[in-house]
Amino acid sequence: MIDNRLRRRHPLVQTIFDNWLYFLVLLFLWRFPHLVAEWTNSEADPARRAVGESSFWQSVMIDTFILAILAMSYNLMLGFTGLISFGHAAFFGAGVYVMAILVGQFKVSFVSALMVALLTGTLISLIWSIAAFRIKGVYFAMFTLAFAEIFFLMARLTMFKHLTGGEDGIRWTVPDWINPVKNRLQFYNFALACVVITFILVRRLMNSPSGKVLVAIRDNETRARTLGFNVFLYKTLAIMVSGALATLAGILHAIDRAGAETSVLGTERTINPLIMSLIGGLGTIPGPALGAGLIRISEQYLRKPELQVDLNFMIYRYRTLLNTESYWGLALGAAFIIFVLAIPYGVVGATNNTWLRVRRWLRIYIYNPVVRQNPQLATWATPFTGEPSEVALALAQQPAPMTLIEWARRYPVALMNAITFIVAVGTGLLTWDWQVGVSWALFLILISIPVRVVLWLIRWPKAIYLIGIGLGFLVPRLLFEDDALFSVMVGFMITVVNVGVGIYIYRWITALRRYPLVNTWIAKR
Amino acid sequence: MNALNLKKISSQTLWGGIAVGFTILLMIAVLLDSQGNIKLFSQVVAGGLYQGMLIFMVAAGLSIVFGLMDVLNFAQGSLLMVGAYVGFDVLSRMSASDKTNAFLLTLHVMVIGPILVLILWELTARLILPRVMKTVEIEHSSLFGKIQVVALTGVPLGFVVGSVWAKDFSGESDVVRVIFAVVVVLIALLSVSRNNILFGLRWLSNEGGIRFRRGMALLFNEEASPSDHVDYDPQFKQFDLNKEWLPLAFGVVVTVLVALVLNNTEVLMLRFGVAAIAAILAGSIAGIVMEIVFIRPTYVRPFFQIVLTFGLALVIREGIEYRYDIDPKGTLGGYLPEFLQGTFPPAYLRDLFPADFETTILNYWIFMIIMGLLMMIGVQLLLMRTRIGIIIRAGVQDSEMVEALGVNVRLVFTGVFALGAAIAAMGGIISAGFLNIDTTMGDLFLLQAIAVVIIGGLGSYAGTSLTAIVIGITRSVAAYFSRRQFNTDAPAPIVVLLLLCLVLYVKPSGLFGKEH
């Protein structure tokens, strides 16, 4: 029997087989307005009814698509070519403003304005490429930052008010066939098509030889030049494609908002794609789009002036209202910093790593058609039929697996995770209510955060003193706000006690260094 | 070798000359355009100078930190914002009540009084007395002995005096407190003095001095002197009341006189000073935390380091927005003492000028310029004249070599980062006296500072100082012309940014920087 995987298929079918996940996502996104309409009993096409759940979610998704295009274009420069751009807002804003000015002020036709906007973005990227020829690294970052800021300041000038509208911005009328108010479904599909085209373009570019050279430039520019590649030319390619795509995102934004305002040139238009591509995965193809979707949709759910939080513990229900509006920016920034420090290649990069290992293992040991058809090659799979192979010998030489107690002592955080998981699933099964299980998991994760933080900090004992001092400042501030002197005294006492405890813990740890198990654990941290 | 050196110097002199000449040309253009209107001209120049000084406050940290550890801190502008907001917070919390006045005055007498006494004592003993009484051999104790005396006597005295003085505001006074103060001071003086009659507290001065010096040696990686290993240091001169009553009394009397002259009109100044100290502390703590927690793990990943500092700027801004909400807070102008308000000349100098003399220069501009110049000179002296400065300059050239010589480079990195952050925070509180406090003030200053640092040459402190003034005046002149032409001064920062892009294109190493 010939293995299914060895059969030759039609290329189109093969493409679908290879990218089944992407096709599934595309199918879902294409049907998304109709699905929402089904679920919520609303109309997908607002031509029939203008407001409704479906058209609302369409506008959210359109915003997500625009951000996804912007993030993918950003990633092309930062993640693939290693050019740090802090001025992507210049492209985005150029797209928005050129469209709005040409159609709104000079009554140019929509399609020619679109062409001119794309050309403008390319022209700006040409200027950037010439800069990238001479200016490297952090200097290039500063150049882009200053460049975008010039545009931002110019858009606010009163002397160009007849052109840019100054602080007020411009309004313009979008043609009917793409108008997000009159024909939202059409615009949704248009934006989706733009995302797909961008995705295919970036993927094709990065899988081509030129893309490999871009990655080589990112990894070591001198080496790429020594190998004989024209680094300037390849950087120009990356910047131009990136700039054109960012301009496309700007054009879509201009259509979506039917106007231009100065905030499209501000720093947040650079920060947003940076955060999205970092959280999704720098230097990966689907990462930025995934990051854009994650952030935009979680923002839709979580960023509210009064977010209702329900926590169920078996029979007790805790309900509260949180103002997450003011937390949002801070949380995003904190997530950004945590990702840079701990998960620098984002969600996709991190899962890719694990997934690659699993797939490698599956490919070698399970899916391998040659091994399947020749079982004698894999004696480890059939240990009683032949001589043990190298793999089997290597496996046999592995030390015996750890006992559960050893494992728990060595990886306390993993133990905590396991307990959380077991309790969550267990209570969920017992009560047959997934909400209860999830609430328990959330609760356990929440209360384990201080433990995790302390475990992380123990690698650096001085931090314990700092915590002590911090508590000394914080606790009395919260308890005795009125009495300054008393709170200072209490704070001093808390500080002293905490630092004392810190010294004690530090000595305890240093004493424990003698024991090998704890020693390896401390060294790992 | 010699010729090369000469060429280098001449290139720097050439660029410096060009920069200064450019500034002078700009000023002449203003003079010609305003048809010799000196009032307008002086306003433009002073405006340029104060802007240059504010930009310098951000640029100094950027320049030193980049020179030493190759980190371009995009969050430097946010540190300025932190300084402004903390200053605003402290000032708005210190409401003008008796309680606050009591606190401030006590703080003043406890902290500033003893420091003033110490400085005066040292000056009298070292400079004035030897010149006045040439025939008599003057003996005075070492600095540590003086610090001990002042701390042990001045702080309790200050506490009591301050609280009594503060009580005067509400019409009360307390004789018992004064008696208590006198007794405390007598006990303290007698116990510290060499010829003490109360306790044998010799360790307080001698052994303490040795420990102090050992600690300093450890801190600054100096070699311990041989005398540190003995229990008694003959070099260390203890305080002796019999021999030193004159300079000590002189210091105390002058301090009391100063306090009486300033009296309670200085409360505003005190408040501003307290706010400034709080802002500087907050800035340097933020700098230390940033360096240790965020920058240090990413020295091995410079690419992510740049991205990280950019994200830190966002986090700081969002944190400030969360803490103080997004509305602009206005200026701190209302909290300023009287002599910093109004236009030059201030009221107390009015008599020195002709009766019809008046300018459009604000007193606060002059204050900002003086503070900036002090900062410039202070950092220059720190870099050129101290041991720490030698280490920093050596680290700029080759930090690995410095580490190999036994210097704790990590500590120096943190310290320099904190220094830069403190200067930026001080710029924040100073600029807040004049400019609106809002969450975007950091970004604007950051870009101007980046322009200054790039044009001056990254890593060159002198270049940064000179360029800050040049850029400030350029900005001011650009604002002048655009105000004449377009009736708005908004295009002024654009001119600076265009200049930055131009210099990056033409000479990325800057005017005074080394080629990279």
# chains A, B, ... in the order shown; residues from 1 in each chain; ligands from 1
$ interface_residues --of "chain B" --to "chain A" --cutoff "6 Å" --atoms "only C-alpha atoms" --output "list in words"
Val315, Glu318, Gly319, Tyr322, Ile494 and Leu497 of chain B
$ select_by_dssp --residues "segment 36-81 of chain B" --states "helix (DSSP H, G or I)" --output "PyMOL selection string"
chain B and resi 38-69+76-81
$ atom_distance --atom1 "atom CA of Val20 of chain B" --atom2 "atom CA of Val470 of chain B"
7.1 Å
$ residues_around --residues "Ala216 of chain A" --least-positions-apart "6" --cutoff "12 Å" --atoms "only C-alpha atoms" --output "list of chain:residue names"
A:Gly79, A:Phe80, A:Thr81, A:Gly82, A:Met206, A:Pro209, A:Ser210, A:Thr222, A:Arg223, A:Ala224, A:Arg225, A:Thr226, A:Leu227, A:Gly228, A:Phe229, A:Asn230, A:Val231, A:Tyr234, A:Lys235
$ write_last_selection --atoms "C-alpha atoms" --output "short mmCIF file (atom, residue, chain, number, x, y, z; two decimals), in the first residue's frame"
data_model
loop_
_atom_site.label_atom_id
_atom_site.label_comp_id
_atom_site.auth_asym_id
_atom_site.auth_seq_id
_atom_site.Cartn_x
_atom_site.Cartn_y
_atom_site.Cartn_z
CA GLY A 79 11.27 41.68 11.76
CA PHE A 80 12.66 40.58 8.42
CA THR A 81 15.19 43.22 7.36
CA GLY A 82 16.23 44.54 10.77
CA MET A 206 9.95 36.11 2.17
CA PRO A 209 15.64 34.25 -2.75
CA SER A 210 15.37 38.01 -2.21
CA THR A 222 28.54 42.85 6.84
CA ARG A 223 28.39 39.17 6.00
CA ALA A 224 25.67 39.75 3.42
CA ARG A 225 27.74 42.47 1.80
CA THR A 226 30.84 40.29 1.86
CA LEU A 227 28.91 37.54 0.10
CA GLY A 228 28.40 39.96 -2.76
CA PHE A 229 24.81 41.08 -2.30
CA ASN A 230 23.91 44.67 -3.01
CA VAL A 231 22.63 45.46 0.46
CA TYR A 234 17.66 44.81 -1.04
CA LYS A 235 17.00 47.33 1.72
#
$ closest_atom_pairs --of "segment 368-396 of chain B" --to "segment 28-48 of chain B" --cutoff "12 Å" --atoms "only C-alpha atoms" --output "tab-separated table"
residue	atom	partner	partner_atom	distance
B:Met368	CA	B:Ala46	CA	10.1
B:Ile369	CA	B:Ala46	CA	8.2
B:Ile370	CA	B:Ala46	CA	11.3
$ atom_distance --atom1 "atom CA of Val111 of chain A" --atom2 "atom CA of Arg184 of chain A"
18.7 Å
$ residues_around --residues "Met61 of chain A" --least-positions-apart "5" --cutoff "9 Å" --atoms "only C-alpha atoms" --output "PyMOL selection string"
chain A and resi 29+56+66+188+192+293+296-297
$ write_last_selection --atoms "C-alpha atoms" --output "CSV table (one decimal), in the first residue's frame"
chain,number,residue,atom,x,y,z
A,29,LEU,CA,-13.5,35.6,7.8
A,56,PHE,CA,-21.0,46.6,14.0
A,66,ILE,CA,-6.3,47.7,8.5
A,188,TYR,CA,-15.5,44.5,4.4
A,192,LEU,CA,-10.4,41.3,3.5
A,293,GLY,CA,-6.4,40.5,15.6
A,296,ARG,CA,-8.0,44.7,18.4
A,297,ILE,CA,-10.6,42.1,19.4
$ residues_around --residues "Ile292 of chain B" --least-positions-apart "2" --cutoff "10 Å" --atoms "only C-alpha atoms" --output "PyMOL selection string"
chain B and resi 287-290+294-297+410-411+413-414+417
$ atom_distance --atom1 "atom CA of Ala422 of chain B" --atom2 "atom CA of Leu382 of chain B"
14.4 Å
$ closest_residue --among "B:Met94, B:Arg126, B:Gly372, B:Gly311" --to "Ser431 of chain B" --atoms "only C-alpha atoms"
B:Gly372
$ residues_around --residues "Ile101 of chain A" --least-positions-apart "6" --cutoff "8 Å" --atoms "only C-alpha atoms" --output "NGL selection string"
:A and (163-164 or 170)
